[in-house]
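Working notes for the structure below.
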Amino acid sequence: MSAKVAVIGAGVVGLSVAIKLKEEFGSAVDVTVIAETFFQGTTSFGSGGFWEPYAIAGTPDEDINRWGQIAFEHFKEEHQKETAAESGVQMITVHQLYEEHETLKIPSWSHIVHNFQVLDSDALRRMGLPEKYVKGYSFGSYVADQKYYLQYISRKLTSYGVKFIQRRIENLSELHGQYGCIVNCTGLGAFYANNDTEMYPIRGQVLRVKAPWMKGVWFFGNNYVIPNTDNVVLGGTQQKDRWDTNVDIKDTETILSRIGSVFPALARAPIENIWVGLRPGRAPLRLDSEVVDGQFIIHNYGHGGSGITLAMGCAVDVVNNHFLPWLRATAGKKGGARL
C-alpha cells in the first residue's frame with residue numbers, strides 16, 4: 001500500500017520535495033501537491049532564479065552551505081542535460097562590487113561555486129566600472145529561470161503520477177487524517193496555516209527589461225542585475241515586515257536610478273513587467289517534523305530570498321532525515337506503507 005503524502009505549497013520548495021519523494025520512492029508514495037496558487041501566483045515565479053544565499057537571516061552557515069551545495073550540484077546536472085533549454089538553467093558569471101567604505105567579506109559558500117576570485121581596484125578599472133567601486137569578487141553560478149523551471153518540474157511530476165489540487169488551506173488541521181504525512185511548504189502562508197508568528201514578509205520589487213546584451217549577474221549595494229532566458233531582472237528591495245504587494249513607483253525609480261548609474265543602458269531598456277512579491281522570512285528557516293493530534297507533519301518553510309538556492313537541498317533533508325524514518329516506522333503496520 002502506498003504512503004499518502006500531501007505537499008502543501010507549489011513554489012520551488014514544495015515542488016522540489018515532491019520531486020525527491022517520487023524519485024526516491026516511486027510508487028511506494030502517493031503524492032498530492034495542494035496549493036492556493038501555481039506558477040505565476042507563486043513567489044518563486046517572480047524571483048530572479050539565481051543561486052546565491054540571500055536574505056536568509058538566523059540560519060547557520062553550516063546548514064545553508066549543506067543544503068545549498070546539494071542544490072548547486074542539482075543545477076549543474078540540469079545545465080549539462082539535453083533538457084537544459086526546457087528547465088531554463090544556465091551557467092553564468094557573477095560580479096559582486098563594493099565601495100571603499102563597505103566591507104568585503106569572503107562568503108562561507110565560496111568553496112561551493114565555480115572559480116571564486118577576489119578582484120582589486122585595478123581589475124575593476126580594466127572592466128570600465130565606476131571608480132567608486134574599488135574591490136569585489138567574481139564566481140560562476142547558475143540561474144534557473146522560474147518561468148521555465150517550475151513548469152519543467154511540474155511536467156516531471158505529472159509524468160510520475162503526482163496529483164495537483166488548487167485549494168487554500170487556512171490551517172493544516174483541515175487535512176489531518178486524510179494523509180499519512182503532510183509536508184508543510186507554505187512559505188509565508190505558515191503565518192496562518194501553522195500559526196507561526198515568527199514568519200514575516202520581506203517585500204521585493206523587481207523589473208524585467210528587454211536587454212539581450214546583458215549576459216552576467218551583477219550585485220552592488222542593494223541592487224542586482226540577473227539575466228533570465230527572455231529578459232533581465234533588475235532589483236531590488238528587501239523591505240522587512242511590509243505586506244504591501246502593490247507596485248511602488250518610488251521603488252521603480254530608485255531601482256532604475258541606481259542600476260543606471262553603473263549600466264546606463266539598462267535604465268533605458270524597455271520594461272516588460274514590474275513584479276512585487278513577499279519573501280517568506282523567518283529566523284531561522286524551519287525544517288523539522290512533529291506529530292500533532294496523531295498527524296505526522298514535516299515543516300519546510302521560511303527560506304527568505306533563498307528558495308531557489310536551498311530548495312533541493314532542503315528536499316533531500318526532508319526525505320532522508322524525516323520522511324524515511326517515518327516511513328520505516330509505519331512499514332508493516334496494518335494499512336501502512338511497505339518498503
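In the C-alpha cells, chains take letters A, B, ... by order of appearance, with residues numbered from 1 within each chain and ligands from 1 in the order shown.
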
Among range 110-147 of chain A, which residues carry a DSSP assignment of strand (DSSP E), reported as number ranges by chain? A: 114-119, 133-144

Write out as an mmCIF file with N, CA and C atoms, in the first residue's frame the residues lying within 12 Å of range 279-283 of chain A, counting only C-alpha atoms and excluding same-chain residues fewer than 3 positions away.
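So the final result, stored in around_27.cif, reads:
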data_model
loop_
_atom_site.group_PDB
_atom_site.id
_atom_site.type_symbol
_atom_site.label_atom_id
_atom_site.label_comp_id
_atom_site.auth_asym_id
_atom_site.auth_seq_id
_atom_site.Cartn_x
_atom_site.Cartn_y
_atom_site.Cartn_z
ATOM 1 N N GLY A 11 5.422 26.369 -4.737
ATOM 2 C CA GLY A 11 6.614 27.105 -5.138
ATOM 3 C C GLY A 11 7.756 26.136 -5.341
ATOM 4 N N VAL A 13 10.127 25.310 -3.412
ATOM 5 C CA VAL A 13 10.390 24.485 -2.237
ATOM 6 C C VAL A 13 9.472 23.266 -2.212
ATOM 7 N N THR A 42 2.966 32.130 -7.573
ATOM 8 C CA THR A 42 3.918 31.827 -6.507
ATOM 9 C C THR A 42 5.003 32.897 -6.418
ATOM 10 N N THR A 43 5.590 33.015 -5.241
ATOM 11 C CA THR A 43 6.713 33.933 -5.060
ATOM 12 C C THR A 43 7.902 33.484 -5.895
ATOM 13 N N SER A 44 8.081 32.182 -6.016
ATOM 14 C CA SER A 44 9.201 31.654 -6.805
ATOM 15 C C SER A 44 9.184 32.169 -8.234
ATOM 16 N N PHE A 45 7.989 32.231 -8.827
ATOM 17 C CA PHE A 45 7.864 32.593 -10.235
ATOM 18 C C PHE A 45 8.443 33.973 -10.525
ATOM 19 N N GLY A 46 8.264 34.908 -9.606
ATOM 20 C CA GLY A 46 8.733 36.269 -9.844
ATOM 21 C C GLY A 46 10.173 36.510 -9.502
ATOM 22 N N SER A 47 10.826 35.532 -8.895
ATOM 23 C CA SER A 47 12.208 35.726 -8.450
ATOM 24 C C SER A 47 13.178 35.712 -9.621
ATOM 25 N N TYR A 54 20.720 34.444 0.032
ATOM 26 C CA TYR A 54 20.298 35.850 0.038
ATOM 27 C C TYR A 54 19.097 36.011 0.958
ATOM 28 N N ALA A 55 19.124 37.054 1.786
ATOM 29 C CA ALA A 55 18.002 37.379 2.677
ATOM 30 C C ALA A 55 17.549 36.158 3.465
ATOM 31 N N ILE A 56 18.506 35.514 4.122
ATOM 32 C CA ILE A 56 18.214 34.313 4.892
ATOM 33 C C ILE A 56 18.821 34.484 6.281
ATOM 34 N N ALA A 57 18.092 35.163 7.156
ATOM 35 C CA ALA A 57 18.608 35.534 8.473
ATOM 36 C C ALA A 57 18.459 34.409 9.490
ATOM 37 N N GLY A 58 19.442 34.302 10.387
ATOM 38 C CA GLY A 58 19.311 33.431 11.541
ATOM 39 C C GLY A 58 19.541 31.957 11.304
ATOM 40 N N THR A 59 19.782 31.556 10.061
ATOM 41 C CA THR A 59 20.044 30.146 9.753
ATOM 42 C C THR A 59 21.550 29.931 9.704
ATOM 43 N N PRO A 60 22.080 28.952 10.433
ATOM 44 C CA PRO A 60 23.527 28.737 10.490
ATOM 45 C C PRO A 60 24.145 28.514 9.111
ATOM 46 N N CYS A 185 5.065 23.237 3.126
ATOM 47 C CA CYS A 185 5.952 24.131 2.368
ATOM 48 C C CYS A 185 5.173 25.389 1.997
ATOM 49 N N THR A 186 4.465 25.936 2.967
ATOM 50 C CA THR A 186 3.550 27.042 2.711
ATOM 51 C C THR A 186 4.228 28.397 2.665
ATOM 52 N N GLY A 187 5.540 28.463 2.919
ATOM 53 C CA GLY A 187 6.226 29.754 2.872
ATOM 54 C C GLY A 187 5.618 30.732 3.855
ATOM 55 N N LEU A 188 5.344 31.939 3.384
ATOM 56 C CA LEU A 188 4.764 32.958 4.247
ATOM 57 C C LEU A 188 3.378 32.546 4.747
ATOM 58 N N GLY A 189 2.744 31.636 4.016
ATOM 59 C CA GLY A 189 1.437 31.141 4.422
ATOM 60 C C GLY A 189 1.444 30.422 5.756
ATOM 61 N N ALA A 190 2.633 30.018 6.231
ATOM 62 C CA ALA A 190 2.732 29.351 7.531
ATOM 63 C C ALA A 190 2.326 30.286 8.662
ATOM 64 N N PHE A 191 2.301 31.587 8.373
ATOM 65 C CA PHE A 191 1.876 32.567 9.370
ATOM 66 C C PHE A 191 0.474 32.243 9.870
ATOM 67 N N ASP A 196 2.333 30.345 12.828
ATOM 68 C CA ASP A 196 3.737 30.643 13.133
ATOM 69 C C ASP A 196 3.963 32.153 13.097
ATOM 70 N N THR A 197 3.968 32.751 14.264
ATOM 71 C CA THR A 197 4.133 34.207 14.352
ATOM 72 C C THR A 197 5.575 34.652 14.163
ATOM 73 N N GLU A 198 6.495 33.697 13.993
ATOM 74 C CA GLU A 198 7.883 34.053 13.697
ATOM 75 C C GLU A 198 8.078 34.379 12.218
ATOM 76 N N MET A 199 7.059 34.110 11.414
ATOM 77 C CA MET A 199 7.132 34.429 9.999
ATOM 78 C C MET A 199 6.929 35.922 9.774
ATOM 79 N N TYR A 200 7.624 36.470 8.796
ATOM 80 C CA TYR A 200 7.452 37.874 8.436
ATOM 81 C C TYR A 200 7.748 38.050 6.946
ATOM 82 N N PRO A 201 7.102 39.028 6.309
ATOM 83 C CA PRO A 201 7.349 39.254 4.882
ATOM 84 C C PRO A 201 8.615 40.070 4.658
ATOM 85 N N ILE A 202 9.301 39.766 3.568
ATOM 86 C CA ILE A 202 10.410 40.596 3.080
ATOM 87 C C ILE A 202 10.011 41.021 1.672
ATOM 88 N N ARG A 203 9.479 42.221 1.567
ATOM 89 C CA ARG A 203 8.920 42.666 0.292
ATOM 90 C C ARG A 203 10.016 42.884 -0.747
ATOM 91 N N GLY A 204 9.798 42.313 -1.929
ATOM 92 C CA GLY A 204 10.731 42.502 -3.034
ATOM 93 C C GLY A 204 10.018 43.021 -4.262
ATOM 94 N N GLN A 205 10.570 44.052 -4.872
ATOM 95 C CA GLN A 205 10.028 44.572 -6.129
ATOM 96 C C GLN A 205 11.122 44.500 -7.178
ATOM 97 N N THR A 237 14.414 45.430 -3.783
ATOM 98 C CA THR A 237 14.077 45.888 -2.451
ATOM 99 C C THR A 237 14.112 44.708 -1.488
ATOM 100 N N GLN A 238 14.338 45.000 -0.239
ATOM 101 C CA GLN A 238 14.393 43.982 0.812
ATOM 102 C C GLN A 238 13.749 44.600 2.053
ATOM 103 N N GLN A 239 12.428 44.781 1.980
ATOM 104 C CA GLN A 239 11.677 45.543 2.976
ATOM 105 C C GLN A 239 10.978 44.611 3.961
ATOM 106 N N LYS A 240 11.577 44.481 5.122
ATOM 107 C CA LYS A 240 11.063 43.586 6.150
ATOM 108 C C LYS A 240 9.757 44.121 6.736
ATOM 109 N N ASP A 241 8.822 43.211 6.970
ATOM 110 C CA ASP A 241 7.536 43.496 7.618
ATOM 111 C C ASP A 241 6.609 44.382 6.791
ATOM 112 N N ARG A 242 6.865 44.512 5.506
ATOM 113 C CA ARG A 242 5.964 45.268 4.639
ATOM 114 C C ARG A 242 5.133 44.278 3.825
ATOM 115 N N TRP A 243 3.805 44.283 4.058
ATOM 116 C CA TRP A 243 2.900 43.314 3.436
ATOM 117 C C TRP A 243 2.333 43.795 2.099
ATOM 118 N N ASP A 244 2.603 45.007 1.719
ATOM 119 C CA ASP A 244 2.032 45.609 0.519
ATOM 120 C C ASP A 244 2.584 44.950 -0.744
ATOM 121 N N THR A 245 1.699 44.475 -1.621
ATOM 122 C CA THR A 245 2.137 43.859 -2.875
ATOM 123 C C THR A 245 1.822 44.723 -4.092
ATOM 124 N N VAL A 276 5.934 42.415 -7.755
ATOM 125 C CA VAL A 276 6.148 42.543 -6.317
ATOM 126 C C VAL A 276 5.800 41.213 -5.656
ATOM 127 N N ARG A 286 12.709 27.031 9.070
ATOM 128 C CA ARG A 286 12.214 25.872 9.814
ATOM 129 C C ARG A 286 12.231 24.610 8.967
ATOM 130 N N LEU A 287 12.972 23.618 9.415
ATOM 131 C CA LEU A 287 12.950 22.299 8.798
ATOM 132 C C LEU A 287 13.004 21.277 9.930
ATOM 133 N N ASN A 300 8.830 22.719 6.333
ATOM 134 C CA ASN A 300 9.941 23.126 5.470
ATOM 135 C C ASN A 300 9.588 24.481 4.868
ATOM 136 N N TYR A 301 9.878 25.557 5.623
ATOM 137 C CA TYR A 301 9.489 26.888 5.155
ATOM 138 C C TYR A 301 10.342 27.957 5.832
ATOM 139 N N GLY A 302 10.213 29.192 5.333
ATOM 140 C CA GLY A 302 10.975 30.312 5.887
ATOM 141 C C GLY A 302 12.308 30.522 5.194
ATOM 142 N N HIS A 303 12.349 30.306 3.873
ATOM 143 C CA HIS A 303 13.594 30.357 3.110
ATOM 144 C C HIS A 303 14.021 31.763 2.694
ATOM 145 N N GLY A 304 13.241 32.772 3.080
ATOM 146 C CA GLY A 304 13.613 34.148 2.746
ATOM 147 C C GLY A 304 13.792 34.333 1.251
ATOM 148 N N GLY A 305 14.916 34.932 0.850
ATOM 149 C CA GLY A 305 15.219 35.118 -0.567
ATOM 150 C C GLY A 305 16.061 34.007 -1.143
ATOM 151 N N SER A 306 16.116 32.861 -0.461
ATOM 152 C CA SER A 306 16.996 31.762 -0.873
ATOM 153 C C SER A 306 16.238 30.490 -1.227
ATOM 154 N N GLY A 307 14.995 30.627 -1.648
ATOM 155 C CA GLY A 307 14.221 29.441 -2.004
ATOM 156 C C GLY A 307 14.878 28.618 -3.089
ATOM 157 N N ILE A 308 15.268 29.262 -4.177
ATOM 158 C CA ILE A 308 15.919 28.548 -5.279
ATOM 159 C C ILE A 308 17.242 27.960 -4.818
#

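Between Gly48 in chain A and the residues A:Tyr192, A:Phe220, A:Tyr142, A:Phe72, the shortest atom-to-atom distance, using only C-alpha atoms, involves A:Tyr142.
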
Determine, counting only C-alpha atoms, which protein, DNA and RNA residues have an atom within 10 Å of an atom of Leu104 in chain A; residues of the same chain fewer than 4 positions away are not included. Present the result as a list in words.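 Once the adjacent positions are removed, what remains is Gln96, Leu97, Tyr98, Glu99, Glu100, Val118, Lys135, Gly136 and Tyr137 of chain A.
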
I need the chosen residues saved as an mmCIF file, in the first residue's frame, with C-alpha atoms.
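Resulting contents of selection-v9.cif:
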data_model
loop_
_atom_site.group_PDB
_atom_site.id
_atom_site.type_symbol
_atom_site.label_atom_id
_atom_site.label_comp_id
_atom_site.auth_asym_id
_atom_site.auth_seq_id
_atom_site.Cartn_x
_atom_site.Cartn_y
_atom_site.Cartn_z
ATOM 1 C CA GLN A 96 29.874 41.497 -6.549
ATOM 2 C CA LEU A 97 31.105 45.107 -6.232
ATOM 3 C CA TYR A 98 31.997 47.147 -3.140
ATOM 4 C CA GLU A 99 32.739 50.773 -2.438
ATOM 5 C CA GLU A 100 35.639 51.880 -0.211
ATOM 6 C CA VAL A 118 38.755 38.371 -5.287
ATOM 7 C CA LYS A 135 37.003 45.863 -4.628
ATOM 8 C CA GLY A 136 34.845 42.853 -5.178
ATOM 9 C CA TYR A 137 34.792 39.232 -6.216
#

Let me make sure I understand: among A:Val206, A:Met214, A:Ala35, A:Ile297, which one has the smallest atom-to-atom distance to Gly177 in chain A if we use only C-alpha atoms?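 Of all the options, A:Ile297 lies closest to Gly177 in chain A.
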
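The nearest approach to Leu150 in chain A among the residues A:Leu234, A:Pro107, A:Gln295, A:Leu15, with only C-alpha atoms taken into account, belongs to A:Leu15.
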
Who sits within 12 Å of Ile226 in chain A, only C-alpha atoms, same chain under 3 positions skipped, as an NGL selection string: :A and (47-52 or 90-95 or 141-145 or 206-212 or 214-219 or 223 or 229-236 or 259 or 266)

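Between CA of Val291 in chain A and CA of Gly180 in chain A the interatomic distance comes to 10.9 Å.
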
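Residues in contact range of Val134 in chain A, defined as at most 10 Å between only C-alpha atoms, with sequence neighbours fewer than 4 positions away removed, read Leu97, Tyr98, Glu99, Glu100, His101, Glu102, Leu119, Asp120, Ser121, Asp122, Ala123, Leu124, Arg125, Leu129 and Pro130 of chain A.
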
For the selection just defined, write its residues with N, CA and C atoms to a file, as a JSON list (two decimals), in the first residue's frame.
[["chain", "number", "residue", "atom", "x", "y", "z"],
["A", 97, "LEU", "N", 30.29, 43.90, -6.31],
["A", 97, "LEU", "CA", 31.10, 45.11, -6.23],
["A", 97, "LEU", "C", 30.93, 45.81, -4.89],
["A", 98, "TYR", "N", 32.02, 46.42, -4.40],
["A", 98, "TYR", "CA", 32.00, 47.15, -3.14],
["A", 98, "TYR", "C", 32.66, 48.51, -3.28],
["A", 99, "GLU", "N", 32.11, 49.47, -2.54],
["A", 99, "GLU", "CA", 32.74, 50.77, -2.44],
["A", 99, "GLU", "C", 33.76, 50.75, -1.30],
["A", 100, "GLU", "N", 34.56, 51.83, -1.19],
["A", 100, "GLU", "CA", 35.64, 51.88, -0.21],
["A", 100, "GLU", "C", 35.14, 51.66, 1.22],
["A", 101, "HIS", "N", 34.00, 52.26, 1.58],
["A", 101, "HIS", "CA", 33.51, 52.19, 2.96],
["A", 101, "HIS", "C", 32.84, 50.87, 3.29],
["A", 102, "GLU", "N", 32.62, 50.04, 2.29],
["A", 102, "GLU", "CA", 31.96, 48.76, 2.51],
["A", 102, "GLU", "C", 32.98, 47.66, 2.79],
["A", 119, "LEU", "N", 38.63, 40.45, -6.52],
["A", 119, "LEU", "CA", 39.01, 41.45, -7.53],
["A", 119, "LEU", "C", 39.46, 42.72, -6.83],
["A", 120, "ASP", "N", 40.61, 43.27, -7.25],
["A", 120, "ASP", "CA", 41.07, 44.54, -6.69],
["A", 120, "ASP", "C", 40.64, 45.69, -7.59],
["A", 121, "SER", "N", 41.01, 46.90, -7.20],
["A", 121, "SER", "CA", 40.57, 48.08, -7.94],
["A", 121, "SER", "C", 41.12, 48.09, -9.36],
["A", 122, "ASP", "N", 42.33, 47.59, -9.56],
["A", 122, "ASP", "CA", 42.90, 47.54, -10.91],
["A", 122, "ASP", "C", 42.04, 46.68, -11.84],
["A", 123, "ALA", "N", 41.60, 45.54, -11.32],
["A", 123, "ALA", "CA", 40.77, 44.64, -12.12],
["A", 123, "ALA", "C", 39.45, 45.31, -12.48],
["A", 124, "LEU", "N", 38.88, 46.04, -11.53],
["A", 124, "LEU", "CA", 37.61, 46.72, -11.79],
["A", 124, "LEU", "C", 37.77, 47.88, -12.76],
["A", 125, "ARG", "N", 38.93, 48.57, -12.69],
["A", 125, "ARG", "CA", 39.18, 49.68, -13.63],
["A", 125, "ARG", "C", 39.29, 49.14, -15.06],
["A", 129, "LEU", "N", 34.36, 49.94, -14.91],
["A", 129, "LEU", "CA", 33.31, 50.21, -13.93],
["A", 129, "LEU", "C", 33.54, 51.54, -13.24],
["A", 130, "PRO", "N", 32.52, 52.16, -12.67],
["A", 130, "PRO", "CA", 32.67, 53.44, -11.98],
["A", 130, "PRO", "C", 33.76, 53.36, -10.91]]

Quick one: everything within 9 Å of His176 in chain A, counting only C-alpha atoms, minus sequence neighbours fewer than 5 positions away in the same chain. Send it as a ChimeraX atom specification. /A:182,292-296

Applying 9 Å and only C-alpha atoms, which residues near His322 in chain A remain after dropping the ones on its own chain fewer than 5 positions away? List them as a ChimeraX atom specification. /A:288-289,298,317,327

Among the residues of range 4-99 of chain A, find those DSSP assigns to alpha helix (DSSP H) from the backbone and print them as a ChimeraX atom specification. /A:12-25,43-46,61-80,84-87

If you measure from CA of Arg167 in chain A to CA of Val319 in chain A, what distance in Å do you get, rounded to one decimal?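 So the two atoms, CA of Arg167 in chain A and CA of Val319 in chain A, lie 24.2 Å apart.
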
Measuring atom to atom with only C-alpha atoms, identify which of A:Phe75, A:Trp213, A:Tyr148, A:Phe164 is nearest to Ile34 in chain A. A:Phe164

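Note that the spacing between CA of Tyr152 in chain A and CA of Glu86 in chain A amounts to 6.3 Å.
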
For each of A:Val113, A:Cys314, A:Val183, A:Leu175, take the minimum atom-to-atom distance to Val31 in chain A, counting only C-alpha atoms, then give the residue where this is smallest. A:Val183
